[in-house]
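A.B. asks: Dropping in protein-v4.csv, with CSV, C-alpha atoms.
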```csv
chain,number,residue,atom,x,y,z
N,13,MET,CA,104.9,-35.3,-93.4
N,14,PHE,CA,108.6,-34.8,-92.4
N,15,VAL,CA,109.4,-32.6,-89.4
N,16,PHE,CA,113.0,-32.1,-88.3
N,17,GLY,CA,113.2,-31.0,-84.6
N,18,GLY,CA,116.0,-28.4,-85.0
N,19,ASP,CA,119.7,-28.1,-84.1
N,20,SER,CA,121.1,-28.8,-87.5
N,21,GLN,CA,124.5,-27.5,-86.5
N,22,ASP,CA,127.5,-28.5,-84.3
N,23,LYS,CA,126.9,-32.2,-84.4
N,24,GLY,CA,129.7,-33.5,-86.6
N,25,ILE,CA,131.5,-32.9,-89.9
N,26,GLY,CA,128.3,-32.7,-92.0
N,27,ASP,CA,126.7,-29.4,-91.0
N,28,VAL,CA,126.9,-27.8,-94.4
N,29,ARG,CA,125.9,-30.9,-96.3
N,30,PHE,CA,123.1,-31.8,-93.9
N,31,VAL,CA,121.4,-28.3,-94.2
N,32,ARG,CA,121.8,-28.3,-98.0
N,33,LEU,CA,120.1,-31.7,-98.1
N,34,LEU,CA,117.2,-30.4,-96.0
N,35,LEU,CA,116.9,-27.4,-98.3
N,36,ALA,CA,116.8,-29.7,-101.3
N,37,PHE,CA,114.2,-31.9,-99.6
N,38,LYS,CA,112.1,-28.8,-98.8
N,39,GLU,CA,112.3,-27.6,-102.4
N,40,LYS,CA,111.1,-30.9,-103.7
N,41,TYR,CA,108.3,-31.3,-101.2
N,42,PRO,CA,107.5,-27.8,-100.0
N,43,ASP,CA,104.2,-28.7,-98.3
N,44,ARG,CA,105.4,-31.8,-96.7
N,45,VAL,CA,108.9,-30.9,-95.2
N,46,HIS,CA,109.2,-28.7,-92.2
N,47,TRP,CA,111.8,-28.0,-89.5
N,48,ILE,CA,111.9,-26.3,-86.1
N,49,ILE,CA,114.5,-23.6,-85.4
N,50,GLY,CA,116.7,-24.8,-82.6
N,51,ASN,CA,119.1,-22.7,-80.5
N,52,ARG,CA,122.1,-24.1,-82.4
N,53,ASP,CA,120.5,-22.8,-85.6
N,54,CYS,CA,119.4,-19.3,-84.5
N,55,ASN,CA,122.6,-18.6,-82.6
N,56,LYS,CA,124.5,-18.5,-85.9
N,57,LEU,CA,122.9,-15.1,-86.6
N,58,ARG,CA,125.5,-13.7,-84.2
N,59,LEU,CA,128.4,-14.6,-86.5
N,60,ALA,CA,128.4,-11.7,-89.0
N,61,ALA,CA,128.2,-8.9,-86.4
N,62,GLU,CA,130.6,-10.5,-83.8
N,63,LEU,CA,133.2,-11.3,-86.4
N,64,ALA,CA,133.2,-7.8,-88.0
N,65,ASP,CA,136.5,-6.0,-87.8
N,66,GLU,CA,135.3,-3.4,-85.2
N,67,ALA,CA,134.1,-6.2,-82.9
N,68,ILE,CA,137.4,-8.0,-83.1
N,69,GLU,CA,139.4,-4.9,-82.3
N,70,ASP,CA,137.1,-3.6,-79.5
N,71,LYS,CA,139.0,-3.7,-76.2
N,72,GLU,CA,135.9,-3.8,-74.2
N,73,VAL,CA,134.7,-6.9,-76.0
N,74,GLN,CA,138.0,-8.5,-75.6
N,75,ALA,CA,137.8,-8.2,-71.8
N,76,ASP,CA,134.0,-8.3,-71.2
N,77,LYS,CA,133.3,-10.4,-68.2
N,78,GLU,CA,129.5,-9.9,-68.4
N,79,PHE,CA,129.3,-11.9,-71.6
N,80,PRO,CA,128.0,-14.5,-72.4
N,81,TYR,CA,125.3,-13.7,-69.8
N,82,TRP,CA,123.7,-17.1,-70.0
N,83,VAL,CA,126.9,-18.8,-68.7
N,84,LYS,CA,127.5,-18.7,-64.9
N,85,GLU,CA,129.8,-15.9,-64.0
N,86,LYS,CA,132.5,-18.2,-62.6
N,87,ASP,CA,132.6,-20.1,-65.8
N,88,ARG,CA,132.8,-17.2,-68.3
N,89,VAL,CA,135.9,-16.9,-70.4
N,90,THR,CA,136.7,-13.7,-72.2
N,91,PRO,CA,138.5,-13.5,-75.6
N,92,ASN,CA,141.5,-12.4,-73.6
N,93,ASP,CA,141.2,-15.4,-71.3
N,94,PHE,CA,141.0,-17.6,-74.3
N,95,LEU,CA,144.3,-16.3,-75.6
N,96,LYS,CA,145.8,-17.0,-72.2
N,97,GLU,CA,144.7,-20.6,-72.6
N,98,VAL,CA,146.7,-20.6,-75.8
N,99,LEU,CA,149.8,-19.5,-73.8
N,100,ASN,CA,149.3,-22.5,-71.6
N,101,GLU,CA,149.2,-24.6,-74.7
N,102,GLU,CA,152.6,-23.1,-75.6
N,103,ALA,CA,154.0,-24.2,-72.3
N,104,ALA,CA,152.6,-27.7,-73.1
N,105,CYS,CA,154.3,-27.6,-76.4
N,106,THR,CA,157.6,-26.7,-74.8
N,107,ALA,CA,157.2,-29.6,-72.4
N,108,ALA,CA,156.5,-31.9,-75.4
N,109,ASP,CA,159.6,-30.6,-77.2
N,110,GLN,CA,161.7,-31.3,-74.1
N,111,ALA,CA,160.2,-34.8,-73.7
N,112,ALA,CA,160.9,-35.5,-77.4
N,113,LYS,CA,164.5,-34.3,-77.0
N,114,LYS,CA,165.1,-36.5,-73.9
N,115,ALA,CA,163.6,-39.5,-75.6
N,116,LYS,CA,165.9,-39.0,-78.6
N,117,GLU,CA,168.9,-38.8,-76.3
N,118,GLU,CA,167.8,-42.0,-74.6
N,119,ALA,CA,167.4,-43.7,-78.0
N,120,ASP,CA,170.9,-42.5,-79.2
N,121,LYS,CA,172.4,-43.8,-75.9
N,122,ALA,CA,170.7,-47.2,-76.3
N,123,ALA,CA,171.9,-47.4,-79.9
N,124,GLU,CA,175.5,-46.6,-78.8
N,125,GLU,CA,175.3,-49.3,-76.1
N,126,ALA,CA,174.1,-51.8,-78.6
N,127,ASN,CA,177.0,-51.0,-80.9
N,128,LYS,CA,179.5,-51.5,-78.1
N,129,VAL,CA,178.0,-54.9,-77.3
N,130,LYS,CA,178.2,-56.0,-80.9
N,131,GLU,CA,181.8,-54.9,-81.1
N,132,ALA,CA,182.5,-57.1,-78.1
N,133,ASN,CA,181.0,-60.1,-80.0
N,134,LYS,CA,178.4,-60.8,-77.3
N,135,ALA,CA,175.6,-62.2,-79.4
N,136,LYS,CA,173.0,-62.8,-76.8
N,137,GLU,CA,173.5,-59.4,-75.1
N,138,ALA,CA,173.6,-57.8,-78.5
N,139,ASP,CA,170.1,-59.0,-79.3
N,140,THR,CA,168.8,-57.6,-76.0
N,141,ALA,CA,170.6,-54.3,-76.6
N,142,ASP,CA,169.3,-54.0,-80.2
N,143,LYS,CA,165.7,-54.5,-78.9
N,144,ALA,CA,166.2,-51.9,-76.3
N,145,ALA,CA,167.6,-49.5,-78.9
N,146,LYS,CA,164.7,-50.2,-81.2
N,147,ASP,CA,162.1,-49.6,-78.4
N,148,ALA,CA,163.8,-46.4,-77.4
N,149,LYS,CA,163.8,-45.1,-81.0
N,150,GLU,CA,160.0,-45.9,-81.3
N,151,GLU,CA,159.3,-44.0,-78.1
N,152,ALA,CA,161.4,-41.1,-79.4
N,153,ASP,CA,159.6,-41.0,-82.7
N,154,LYS,CA,156.2,-41.0,-80.9
N,155,ALA,CA,157.3,-38.1,-78.6
N,156,ALA,CA,158.6,-36.2,-81.6
N,157,LYS,CA,155.3,-36.6,-83.5
N,158,ALA,CA,153.3,-35.6,-80.4
N,159,ALA,CA,155.5,-32.4,-80.0
N,160,GLU,CA,155.1,-31.7,-83.7
N,161,ARG,CA,151.3,-32.0,-83.5
N,162,ALA,CA,151.2,-29.7,-80.5
N,163,ARG,CA,153.4,-27.2,-82.2
N,164,ASP,CA,151.3,-27.2,-85.4
N,165,LEU,CA,148.2,-26.6,-83.4
N,166,LEU,CA,149.8,-23.7,-81.5
N,167,THR,CA,151.1,-22.1,-84.7
N,168,LYS,CA,147.6,-22.3,-86.2
N,169,VAL,CA,145.8,-20.9,-83.2
N,170,GLY,CA,148.3,-18.1,-82.7
N,171,GLN,CA,148.2,-15.6,-79.9
N,172,THR,CA,146.4,-12.6,-81.4
N,173,HIS,CA,142.9,-11.3,-81.7
N,174,THR,CA,142.1,-12.6,-85.1
N,175,LYS,CA,138.7,-13.5,-86.6
N,176,ALA,CA,139.7,-17.2,-86.5
N,177,ASN,CA,140.6,-17.0,-82.8
N,178,ARG,CA,137.4,-15.1,-82.0
N,179,LEU,CA,135.4,-17.7,-83.9
N,180,ARG,CA,137.2,-20.5,-82.0
N,181,TRP,CA,136.4,-18.7,-78.7
N,182,MET,CA,132.7,-18.1,-79.7
N,183,LEU,CA,132.2,-21.8,-80.6
N,184,LYS,CA,134.0,-23.2,-77.6
N,185,HIS,CA,132.9,-20.8,-74.8
N,186,THR,CA,129.6,-19.2,-75.9
N,187,MET,CA,128.0,-21.9,-78.1
N,188,ASP,CA,129.1,-25.1,-76.4
N,189,ALA,CA,130.6,-26.3,-79.8
N,190,ASP,CA,134.2,-27.0,-79.0
N,191,GLY,CA,135.9,-28.4,-82.1
N,192,ALA,CA,133.3,-27.1,-84.6
N,193,PHE,CA,136.0,-24.9,-86.2
N,194,GLU,CA,138.2,-28.0,-87.0
N,195,ARG,CA,135.1,-30.0,-88.1
N,196,ARG,CA,134.1,-27.3,-90.5
N,197,GLN,CA,137.7,-27.3,-91.8
N,198,MET,CA,137.4,-31.0,-92.4
N,199,GLU,CA,134.1,-30.6,-94.2
N,200,LEU,CA,135.3,-27.9,-96.4
N,201,GLY,CA,138.2,-30.2,-97.3
N,202,ILE,CA,135.7,-32.9,-98.3
N,203,LEU,CA,133.5,-30.4,-100.3
N,204,ASN,CA,136.4,-28.9,-102.1
N,205,LYS,CA,138.4,-32.1,-102.4
N,206,LYS,CA,141.3,-30.6,-100.5
N,207,ASP,CA,143.6,-31.9,-97.7
N,208,ASN,CA,142.8,-30.3,-94.3
N,209,ASP,CA,146.0,-28.4,-94.2
N,210,LYS,CA,145.1,-26.7,-97.5
N,211,VAL,CA,141.9,-25.3,-96.0
N,212,THR,CA,142.9,-22.0,-94.3
N,213,ASP,CA,141.6,-20.3,-91.2
N,214,ASP,CA,140.2,-17.6,-93.5
N,215,ASP,CA,138.3,-20.3,-95.5
N,216,VAL,CA,136.7,-21.5,-92.3
N,217,VAL,CA,135.8,-18.0,-91.0
N,218,ASN,CA,134.3,-17.1,-94.4
N,219,SER,CA,132.2,-20.2,-94.4
N,220,PHE,CA,130.7,-19.5,-91.0
N,221,VAL,CA,130.1,-15.8,-91.8
N,222,ASN,CA,128.7,-16.4,-95.3
N,223,GLU,CA,126.2,-19.0,-94.0
N,224,VAL,CA,124.1,-16.2,-92.6
N,225,ASN,CA,125.1,-13.3,-94.8
N,226,PRO,CA,122.2,-11.7,-96.8
N,227,ASP,CA,124.6,-10.0,-99.2
N,228,SER,CA,123.3,-10.8,-102.7
N,229,LYS,CA,126.9,-11.2,-103.9
N,230,ILE,CA,127.3,-14.3,-101.7
N,231,PRO,CA,126.4,-17.5,-103.7
N,232,GLU,CA,123.1,-19.0,-102.5
N,233,ASP,CA,124.6,-22.4,-101.5
N,234,GLU,CA,127.0,-20.6,-99.1
N,235,LYS,CA,124.0,-18.9,-97.4
N,236,PHE,CA,122.6,-22.2,-96.3
N,237,MET,CA,121.8,-21.3,-92.7
N,238,LEU,CA,120.1,-18.0,-93.6
N,239,ARG,CA,117.9,-20.0,-96.0
N,240,TYR,CA,117.3,-22.6,-93.3
N,241,LEU,CA,116.2,-20.0,-90.9
N,242,GLU,CA,114.0,-18.3,-93.5
N,243,HIS,CA,112.1,-21.6,-94.0
N,244,GLY,CA,112.2,-22.7,-90.3
N,245,GLU,CA,109.4,-22.4,-87.7
N,246,LEU,CA,109.3,-22.1,-84.0
N,247,ALA,CA,106.6,-24.7,-83.8
N,248,ARG,CA,104.5,-26.9,-86.1
N,249,ILE,CA,101.1,-28.4,-85.5
N,250,PHE,CA,100.3,-31.6,-87.4
N,251,GLY,CA,96.9,-33.1,-86.5
N,252,LYS,CA,96.8,-33.1,-82.7
N,253,THR,CA,100.6,-33.1,-82.4
N,254,LEU,CA,102.6,-30.0,-81.6
N,255,PHE,CA,106.3,-30.1,-82.6
N,256,VAL,CA,108.7,-27.8,-80.7
N,257,HIS,CA,112.4,-27.7,-80.1
N,258,GLY,CA,113.4,-29.2,-76.8
N,259,ALA,CA,116.3,-28.4,-74.5
```
Take the structure from the file and write it as structure tokens.
C.D. replies:
Amino acid sequence: MFVFGGDSQDKGIGDVRFVRLLLAFKEKYPDRVHWIIGNRDCNKLRLAAELADEAIEDKEVQADKEFPYWVKEKDRVTPNDFLKEVLNEEAACTAADQAAKKAKEEADKAAEEANKVKEANKAKEADTADKAAKDAKEEADKAAKAAERARDLLTKVGQTHTKANRLRWMLKHTMDADGAFERRQMELGILNKKDNDKVTDDDVVNSFVNEVNPDSKIPEDEKFMLRYLEHGELARIFGKTLFVHGA
């Protein structure tokens, strides 16, 4: 007898593959494999409705301070608030750009000083100046890469009410699954043998929506969470032992 205690999702970069493995296990041993439905499993039923076009465009939803009701009022973040966070990230990007620019200026200055010392034929001082120039260049390169990463993230997240942004908000602020969007992107890259930057935001959104979509046009392997929930149980008794999902 195998009993999985629930919460198959939001644990790493293997959500899709793990559930597919459980389903294959269940198919092979239908009477011996069971699983409990956890909160991180059943909450995915929200995805299709809340990522529908009308929900994304609904002004009341965008500013609703009463949702999610299970989060303390002072800690609630609306979709509008989430996009303001993105604006703060833009300010951080600007600061990173400025730091990179300053670091490059310092590196150029150090390199110029090193050249002057070399021209004066001061060998010992030239070695010191060369090292200073090299260190400054390394710091400038690090700052430039940090600024580029921050800028890429900002560009990807954007500043509008899109399905990708709404999904990021849902995962971070209503499902306690910050980073799940990026982890799904990584897993889709693994499954489809693509680099992460080749997996689009739409690919990630479609993956999350399709996992609970009953539409017959959706391939069965993409509806893995729907199938998981169909086979799941709220509790399982085995002998004198009761299996339930804990907090």
A.B. asks: Any idea what the distance is between atom CA of N:Arg248 and atom CA of N:His46?
C.D. replies: 7.9 Å
A.B. asks: Write out as a PyMOL selection string the residues lying within 9 Å of stretch 76-80 of chain N, counting all atoms listed in the file and excluding same-chain residues fewer than 2 positions away.
C.D. replies: chain N and resi 71-74+82-85+88-92+185-186
A.B. asks: Could you write out that same residue set with C-alpha atoms as a PDB file, in the frame of the given file?
C.D. replies:
```pdb
ATOM      1  CA  LYS N  71     139.000  -3.700 -76.200  1.00  0.00           C
ATOM      2  CA  GLU N  72     135.900  -3.800 -74.200  1.00  0.00           C
ATOM      3  CA  VAL N  73     134.700  -6.900 -76.000  1.00  0.00           C
ATOM      4  CA  GLN N  74     138.000  -8.500 -75.600  1.00  0.00           C
ATOM      5  CA  TRP N  82     123.700 -17.100 -70.000  1.00  0.00           C
ATOM      6  CA  VAL N  83     126.900 -18.800 -68.700  1.00  0.00           C
ATOM      7  CA  LYS N  84     127.500 -18.700 -64.900  1.00  0.00           C
ATOM      8  CA  GLU N  85     129.800 -15.900 -64.000  1.00  0.00           C
ATOM      9  CA  ARG N  88     132.800 -17.200 -68.300  1.00  0.00           C
ATOM     10  CA  VAL N  89     135.900 -16.900 -70.400  1.00  0.00           C
ATOM     11  CA  THR N  90     136.700 -13.700 -72.200  1.00  0.00           C
ATOM     12  CA  PRO N  91     138.500 -13.500 -75.600  1.00  0.00           C
ATOM     13  CA  ASN N  92     141.500 -12.400 -73.600  1.00  0.00           C
ATOM     14  CA  HIS N 185     132.900 -20.800 -74.800  1.00  0.00           C
ATOM     15  CA  THR N 186     129.600 -19.200 -75.900  1.00  0.00           C
TER      16      THR N 186
END
```
A.B. asks: Just give me the residues with any atom within 7 Å of (117.9, -25.5, -85.6), file coordinates, counting all atoms listed in the file, written as a PyMOL selection string.
C.D. replies: chain N and resi 18-21+48-54
A.B. asks: For those residues, write C-alpha atoms to a file as a PDB file, keeping the file's coordinate frame.
C.D. replies:
```pdb
ATOM      1  CA  GLY N  18     116.000 -28.400 -85.000  1.00  0.00           C
ATOM      2  CA  ASP N  19     119.700 -28.100 -84.100  1.00  0.00           C
ATOM      3  CA  SER N  20     121.100 -28.800 -87.500  1.00  0.00           C
ATOM      4  CA  GLN N  21     124.500 -27.500 -86.500  1.00  0.00           C
ATOM      5  CA  ILE N  48     111.900 -26.300 -86.100  1.00  0.00           C
ATOM      6  CA  ILE N  49     114.500 -23.600 -85.400  1.00  0.00           C
ATOM      7  CA  GLY N  50     116.700 -24.800 -82.600  1.00  0.00           C
ATOM      8  CA  ASN N  51     119.100 -22.700 -80.500  1.00  0.00           C
ATOM      9  CA  ARG N  52     122.100 -24.100 -82.400  1.00  0.00           C
ATOM     10  CA  ASP N  53     120.500 -22.800 -85.600  1.00  0.00           C
ATOM     11  CA  CYS N  54     119.400 -19.300 -84.500  1.00  0.00           C
TER      12      CYS N  54
END
```
A.B. asks: What gap, in Å, lies between atom CA of N:Val28 and atom CA of N:Phe236?
C.D. replies: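 Between these atoms lies a distance of 7.3 Å.
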A.B. asks: Could you name the residues that touch N:Asp215 at 9 Å or less, counting all atoms listed in the file, but leaving out those on the same chain fewer than 5 positions away, as a VMD selection string?
C.D. replies: chain N and resid 197 200 220
A.B. asks: Pick from N:Phe94, N:Phe250, N:Tyr240, N:Phe16: nearest to N:Val31, with all atoms listed in the file counted?
C.D. replies: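 The answer is N:Tyr240, which sits nearest to N:Val31.
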A.B. asks: Which one is closest to N:Val224: N:Glu242, N:Asp147, N:Glu125, N:Asp153? Count only C-alpha atoms.
C.D. replies: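 Of N:Glu242, N:Asp147, N:Glu125, N:Asp153, the one nearest N:Val224 is N:Glu242, counting only C-alpha atoms.
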A.B. asks: Point out the residue among N:Met13, N:Ala123, N:Ala158, N:Ala67 with the least atom-to-atom distance to N:Lys143, counting all atoms listed in the file.
C.D. replies: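 Of N:Met13, N:Ala123, N:Ala158, N:Ala67, the one nearest N:Lys143 is N:Ala123, counting all atoms listed in the file.
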A.B. asks: Measuring between all atoms listed in the file, which one of N:Leu246, N:Ile230, N:Leu183, N:Leu95 shows the shortest distance to N:Glu62?
C.D. replies: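 Closest to N:Glu62, using all atoms listed in the file: N:Leu183.
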A.B. asks: What is the distance, in Å and to one decimal place, between atom CA of N:Phe14 and atom CA of N:Leu59?
C.D. replies: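 That distance, rounded to one decimal, is 28.9 Å.
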A.B. asks: Choose the residue, out of N:Asp65, N:Arg58, N:Pro226, N:Trp47, that has the smallest atom-to-atom separation from N:Met182; count only C-alpha atoms.
C.D. replies: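 Going through N:Asp65, N:Arg58, N:Pro226, N:Trp47 one by one, the smallest distance to N:Met182 is for N:Arg58.
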A.B. asks: Which residue is closest to N:Thr140? Choose from N:Thr172, N:Asn55, N:Asn222, N:Asn127 and count only C-alpha atoms.
C.D. replies: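 Closest to N:Thr140 of all the choices is N:Asn127.
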A.B. asks: What lies within 10 Å of N:Val216 using all atoms listed in the file, ignoring chain neighbours under 6 positions off, as a ChimeraX atom specification?
C.D. replies: /N:176,179,193-200,222
